[in-house]
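These notes concern the structure reproduced below.
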Amino acid sequence: MLVVMQATATQADIDRVCTAITEMGFQPLPMPGAQRTTVGLVGNDRRVDGSHIEALPGVSEIIYVSSPFKQVSREWRAENTIVTIAPGVSFGGTDVPVIAGPCSVENEKQILQAAQVVRAAGAVALRGGAFKPRSSPYSFQGLGKEGLELLKLAKAETGLAIVTEAMDDDGAQLCAEYADCIQIGARNMQNYSLLKTVGKLRKPVMLKRGMAATVQELLLSAEYILAEGNDQVILCERGVRTWDPSSRNMFDLNAIPAVQKLSHLPIIADPSHGTGVRDRVPPMARAAVAAGTDGLLIEVHPDPNRALSDGAQSLFPAQFTDLMRELGPIASAIGRRIAAL
Ligand code: PEP
Ligand code: MN
């Protein structure tokens with residue numbers, strides 16, 4: 001439930017509404033706006049009776065949020081939420097930032113080369129996993145804290161913002177110290193205790209769609225993070241698993257406009273995991289920009305044939321440079337711009 005205050009409402013009117021919500025056993029969330037304040041009621045999982053609040057002085061109207069996700073919904077907040085992960089790197093506005101880099105941080109030379117290549121091509125953020133969720137326990141698991149140190153070094157050398165995945169609570173605390181944005185991977189989209197942990201951190205979070213998750217489940221997972229007080233959430237479409245072995249996943253482009261209609265949170269596209277096949281990444285990246293994505297996540301490796309993870313879907317540096325050149329005109333055709341540092 002949302003209580004929309006009149007433009008002329010006083011602070012005392014707002015406080016009175018907050019008290020009434022608290023007395024009902026819920027939590028009031030005042031949200032000052034340019035024109036007027038709205039007060040959200042959080043903590044309910046079904047419709048509550050707000051008729052006595054409607055009668056309080058200074059109240060303009062009550063809006064009942066019909067979707068199961070509340071704070072994430074467009075009903076709750078009509079304008080786009082802009083998530084800024086570093087100075088000049090914002091998701092949800094006109095600019096379309098590109099996050100690029102290898103699947104995993106492998107060693108100093110590899111990550112510094114990757115950072116320089118993607119920076120020169122126009123990416124504004126560097127990705128790279130230090131903690132890797134691998135299907136096999138015998139596959140490369142990531143460098144852990146050493147990988148985070150290397151990302152910090154790459155940031156110092158290039159100025160790129162850093163996005164990296166956390167797989168558990170301790171990892172999330174550690175990633176928050178090093179990264180500008182914490183990635184929650186597809187396998188952890190429904191790890192609700194981890195979602196609560198990153199909800200308590202004051203760090204932007206990039207939440208990837210689970211490989212068998214519906215759009216509604218993705219938004220409900222985001223709600224866990226917002227419910228803990230962190231509204232700096234970027235959603236990510238990374239493909240869903242289907243019956244068809246011709247691609248690693250089925251990249252669900254329609255999720256982008258679908259999410260943008262349902263939610264004020266930015267949504268970005270990851271055509272690398274979405275296809276799993278290098279040569280399909282540029283066409284799907286171009287399509288995602290045309291579809292209105294709020295950003296891109298692209299795996300790029302200085303030497304994909306030697307990559308310790310996801311080499312088959314990682315672009316060669318020259319492919320990424322060409323792709324970045326192609327994206328500009330597509331973005332400008334729909335009134336957007338590929339973000340530049
Ligand atoms: C990744 O970004 O490297 C990754 C593991 O992605 P996902 O969680 O989408 O599989
Ligand atoms: Mn990967």
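We label chains A, B, ... in the order they appear in the structure tokens, count residues from 1 in each chain, and number ligands from 1 in the order shown.
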* Show which residues sit within 9 Å of Phe320 of chain A, as a PyMOL selection string. Count only C-alpha atoms, and ignore same-chain residues fewer than 5 positions away. => chain A and resi 100+117-118+121+282+298+300+315+325
Restricting the output to C-alpha atoms, write the selected residues as a compact mmCIF listing (two decimals), in the first residue's frame.
# COMPACT_ATOMS: atom_id res chain seq x y z
CA ALA A 100 33.04 -6.30 -20.11
CA VAL A 117 41.35 -3.91 -24.14
CA VAL A 118 37.79 -3.32 -22.92
CA ALA A 121 37.05 -0.24 -26.86
CA PRO A 282 27.51 -9.56 -31.16
CA ILE A 298 29.89 -9.09 -22.30
CA VAL A 300 35.87 -10.73 -23.39
CA LEU A 315 34.85 -12.51 -27.51
CA ARG A 325 31.65 0.54 -32.76
* Polymer residues at most 9 Å from Leu148 of chain A, only C-alpha atoms, same-chain spacing of 5 or more positions, as an NGL selection string -> :A and (105 or 129-130 or 143 or 153 or 164 or 174-175 or 178-179)
* To do: Write out as a PyMOL selection string all residues of segment 117-267 of chain A that backbone DSSP assigns to strand (DSSP E).
  => chain A and resi 125-127+161-165+181-184+205-208+233-237+267
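Between atom CA of Leu220 of chain A and atom CA of Asn44 of chain A the interatomic distance comes to 14.0 Å.
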* To do: Write out as JSON, numbers by chain each polymer residue (protein, DNA or RNA) that has an atom no more than 10 Å from ligand 1, with only C-alpha atoms and all ligand atoms counted.
  => {"A": [101, 102, 103, 104, 127, 128, 129, 130, 131, 132, 133, 134, 135, 163, 164, 165, 167, 183, 184, 185, 186, 187, 188, 189, 207, 208, 209, 210, 211, 236, 237, 238, 239, 240, 249, 270, 271, 272, 273, 274, 297, 298, 299, 309, 310]}
List the neighbours of segment 289-294 of chain A out to 8 Å using only C-alpha atoms; skip same-chain residues closer than 6 positions along the sequence, and give me the result as a PDB file with C-alpha atoms, in the first residue's frame.
ATOM      1  CA  PHE A  91      22.161   2.317 -15.214  1.00  0.00           C
ATOM      2  CA  GLY A  92      18.526   3.213 -15.884  1.00  0.00           C
ATOM      3  CA  GLY A  93      18.925   6.559 -17.617  1.00  0.00           C
ATOM      4  CA  ASP A  95      23.130   6.050 -21.160  1.00  0.00           C
ATOM      5  CA  VAL A  96      23.755   2.362 -21.854  1.00  0.00           C
ATOM      6  CA  PRO A  97      26.882   1.286 -19.946  1.00  0.00           C
ATOM      7  CA  LEU A 253      15.143 -10.643 -25.209  1.00  0.00           C
ATOM      8  CA  ILE A 256      13.808  -6.579 -21.204  1.00  0.00           C
ATOM      9  CA  PRO A 257      10.655  -4.669 -22.192  1.00  0.00           C
ATOM     10  CA  PRO A 266      17.199  -1.086 -14.650  1.00  0.00           C
ATOM     11  CA  ILE A 267      17.654  -4.326 -16.574  1.00  0.00           C
ATOM     12  CA  ILE A 268      20.754  -5.228 -18.531  1.00  0.00           C
ATOM     13  CA  ALA A 269      21.454  -8.015 -21.016  1.00  0.00           C
ATOM     14  CA  LEU A 327      26.390  -0.267 -30.887  1.00  0.00           C
ATOM     15  CA  ILE A 330      21.789   1.499 -32.753  1.00  0.00           C
ATOM     16  CA  ALA A 331      21.572   3.261 -29.400  1.00  0.00           C
ATOM     17  CA  ILE A 334      16.263   4.935 -30.124  1.00  0.00           C
TER      18      ILE A 334
END
* Asked: Which residue gives the smallest distance to ligand 2 among A:Val205, A:Ile182, A:Ala7, A:Ala312, with only C-alpha atoms and all ligand atoms counted?
  -> A:Ala312
* Select, from A:Gly295, A:Gly276, A:Glu228, A:Asp252, the residue with the minimum atom-to-atom distance to ligand 2, counting only C-alpha atoms and all ligand atoms. => A:Gly276
* Spatial neighbours of Leu150 of chain A, max dist 8 Å, only C-alpha atoms, sep filter under 2 positions, as number ranges by chain -> A: 105, 107-108, 111, 146-148, 152-154
* To do: Write out as a PyMOL selection string which residues come within 10 Å of Ala125 of chain A when counting only C-alpha atoms, dropping same-chain ones fewer than 3 positions away.
  => chain A and resi 85-86+89+97-101+115+118-119+122+155+158-163+180-181+297+341
* Which residues come within 7 Å of Ile225 of chain A, counting only C-alpha atoms, excluding same-chain residues fewer than 2 positions away, as a list of chain:residue names? -> A:Leu195, A:Lys196, A:Val198, A:Gly199, A:Ala222, A:Glu223, A:Ala227, A:Glu228, A:Gly229, A:Asn230
Atoms kept (N, CA and C atoms) for selection, written as a short mmCIF file (atom, residue, chain, number, x, y, z; two decimals), in the first residue's frame:
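Saved result, selection.cif, follows:
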data_model
loop_
_atom_site.label_atom_id
_atom_site.label_comp_id
_atom_site.auth_asym_id
_atom_site.auth_seq_id
_atom_site.Cartn_x
_atom_site.Cartn_y
_atom_site.Cartn_z
N LEU A 195 20.52 -12.97 -0.57
CA LEU A 195 19.82 -11.74 -1.01
C LEU A 195 19.61 -10.79 0.17
N LYS A 196 19.27 -11.36 1.33
CA LYS A 196 19.10 -10.51 2.52
C LYS A 196 20.43 -9.87 2.91
N VAL A 198 23.02 -9.07 0.94
CA VAL A 198 23.40 -7.94 0.06
C VAL A 198 22.38 -6.80 0.17
N GLY A 199 21.18 -7.13 0.64
CA GLY A 199 20.19 -6.07 0.89
C GLY A 199 20.61 -5.17 2.04
N ALA A 222 14.48 -9.73 -6.36
CA ALA A 222 14.93 -8.33 -6.19
C ALA A 222 14.22 -7.69 -4.99
N GLU A 223 12.95 -8.07 -4.79
CA GLU A 223 12.18 -7.51 -3.68
C GLU A 223 12.86 -7.83 -2.33
N ALA A 227 13.63 -5.00 0.21
CA ALA A 227 12.97 -5.10 1.52
C ALA A 227 13.95 -4.90 2.67
N GLU A 228 15.24 -5.15 2.41
CA GLU A 228 16.27 -4.92 3.44
C GLU A 228 16.81 -3.50 3.40
N GLY A 229 16.28 -2.68 2.48
CA GLY A 229 16.68 -1.27 2.46
C GLY A 229 17.64 -0.88 1.36
N ASN A 230 17.99 -1.82 0.49
CA ASN A 230 18.92 -1.49 -0.61
C ASN A 230 18.15 -1.46 -1.93
#
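With only C-alpha atoms as the atoms that count, the minimum distance from Gln116 of chain A to the choices A:Leu265, A:Leu219, A:Ala156, A:Ala166 is reached by A:Ala156.
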* If we count only C-alpha atoms, what is near His264 of chain A at a cut-off of 12 Å, once residues fewer than 4 positions away on the same chain are taken out, given as a PyMOL selection string? -> chain A and resi 69-83+91-93+219+222-223+231-235+256-260+294
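The shortest atom-to-atom distance to Gly50 of chain A, with only C-alpha atoms taken into account, belongs to A:Ile62 out of A:Gly25, A:Ala120, A:Ile62, A:Ser90.
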* Asked: Could you write out, as a list in words, all the residues of segment 13-131 of chain A that DSSP marks as helix (DSSP H, G or I)?
  ->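 Of segment 13-131 of chain A, the ones in helix (DSSP H, G or I) are Asp13, Ile14, Asp15, Arg16, Val17, Cys18, Thr19, Ala20, Ile21, Thr22, Glu23, Ser51, His52, Ile53, Glu54, Glu108, Lys109, Gln110, Ile111, Leu112, Gln113, Ala114, Ala115, Gln116, Val117, Val118, Arg119, Ala120 and Ala121 of chain A.
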Write the residues of the selection above to a file with N, CA and C atoms, as a compact mmCIF listing (two decimals), in the first residue's frame.
# COMPACT_ATOMS: atom_id res chain seq x y z
N ASP A 13 1.84 15.96 9.33
CA ASP A 13 0.88 15.07 8.64
C ASP A 13 1.57 13.76 8.26
N ILE A 14 2.81 13.89 7.73
CA ILE A 14 3.56 12.70 7.30
C ILE A 14 3.87 11.82 8.51
N ASP A 15 4.30 12.47 9.61
CA ASP A 15 4.62 11.71 10.84
C ASP A 15 3.39 10.96 11.35
N ARG A 16 2.22 11.61 11.23
CA ARG A 16 0.98 10.99 11.72
C ARG A 16 0.66 9.73 10.91
N VAL A 17 0.88 9.80 9.61
CA VAL A 17 0.65 8.63 8.75
C VAL A 17 1.63 7.51 9.11
N CYS A 18 2.90 7.89 9.34
CA CYS A 18 3.90 6.88 9.72
C CYS A 18 3.51 6.20 11.03
N THR A 19 3.06 6.98 11.98
CA THR A 19 2.65 6.42 13.27
C THR A 19 1.48 5.45 13.09
N ALA A 20 0.52 5.85 12.24
CA ALA A 20 -0.66 4.99 12.02
C ALA A 20 -0.23 3.66 11.40
N ILE A 21 0.73 3.71 10.48
CA ILE A 21 1.21 2.48 9.83
C ILE A 21 1.92 1.59 10.86
N THR A 22 2.74 2.24 11.70
CA THR A 22 3.45 1.48 12.74
C THR A 22 2.45 0.82 13.69
N GLU A 23 1.40 1.55 14.05
CA GLU A 23 0.39 1.00 14.96
C GLU A 23 -0.36 -0.18 14.33
N SER A 51 -8.37 2.34 5.12
CA SER A 51 -9.41 3.37 5.05
C SER A 51 -9.25 4.45 6.12
N HIS A 52 -8.76 4.06 7.32
CA HIS A 52 -8.61 5.09 8.35
C HIS A 52 -7.44 6.02 8.04
N ILE A 53 -6.45 5.52 7.28
CA ILE A 53 -5.32 6.38 6.91
C ILE A 53 -5.76 7.38 5.85
N GLU A 54 -6.63 6.94 4.98
CA GLU A 54 -7.14 7.81 3.90
C GLU A 54 -7.81 9.06 4.48
N GLU A 108 47.46 -11.85 -13.06
CA GLU A 108 47.62 -10.40 -13.20
C GLU A 108 47.69 -9.97 -14.66
N LYS A 109 48.47 -10.69 -15.45
CA LYS A 109 48.65 -10.30 -16.85
C LYS A 109 47.30 -10.37 -17.58
N GLN A 110 46.59 -11.46 -17.36
CA GLN A 110 45.30 -11.64 -18.07
C GLN A 110 44.30 -10.54 -17.73
N ILE A 111 44.16 -10.21 -16.44
CA ILE A 111 43.10 -9.25 -16.08
C ILE A 111 43.51 -7.83 -16.49
N LEU A 112 44.80 -7.53 -16.40
CA LEU A 112 45.23 -6.18 -16.81
C LEU A 112 45.08 -6.01 -18.33
N GLN A 113 45.44 -7.05 -19.07
CA GLN A 113 45.25 -6.98 -20.53
C GLN A 113 43.78 -6.83 -20.88
N ALA A 114 42.95 -7.63 -20.23
CA ALA A 114 41.51 -7.57 -20.50
C ALA A 114 40.99 -6.17 -20.18
N ALA A 115 41.41 -5.63 -19.05
CA ALA A 115 40.93 -4.30 -18.64
C ALA A 115 41.33 -3.25 -19.68
N GLN A 116 42.58 -3.32 -20.14
CA GLN A 116 43.04 -2.33 -21.11
C GLN A 116 42.28 -2.45 -22.43
N VAL A 117 42.07 -3.67 -22.88
CA VAL A 117 41.35 -3.91 -24.14
C VAL A 117 39.91 -3.38 -24.05
N VAL A 118 39.21 -3.72 -22.98
CA VAL A 118 37.79 -3.32 -22.92
C VAL A 118 37.67 -1.81 -22.67
N ARG A 119 38.63 -1.25 -21.96
CA ARG A 119 38.63 0.20 -21.71
C ARG A 119 38.85 0.94 -23.03
N ALA A 120 39.82 0.47 -23.81
CA ALA A 120 40.13 1.12 -25.09
C ALA A 120 38.95 1.03 -26.05
N ALA A 121 38.19 -0.07 -25.96
CA ALA A 121 37.05 -0.24 -26.86
C ALA A 121 35.82 0.55 -26.41
* How far is it from atom CA of Glu157 of chain A to atom CA of Gly88 of chain A, in Å with one decimal? ->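 Computing the Euclidean distance for atom CA of Glu157 of chain A and atom CA of Gly88 of chain A yields 17.1 Å.
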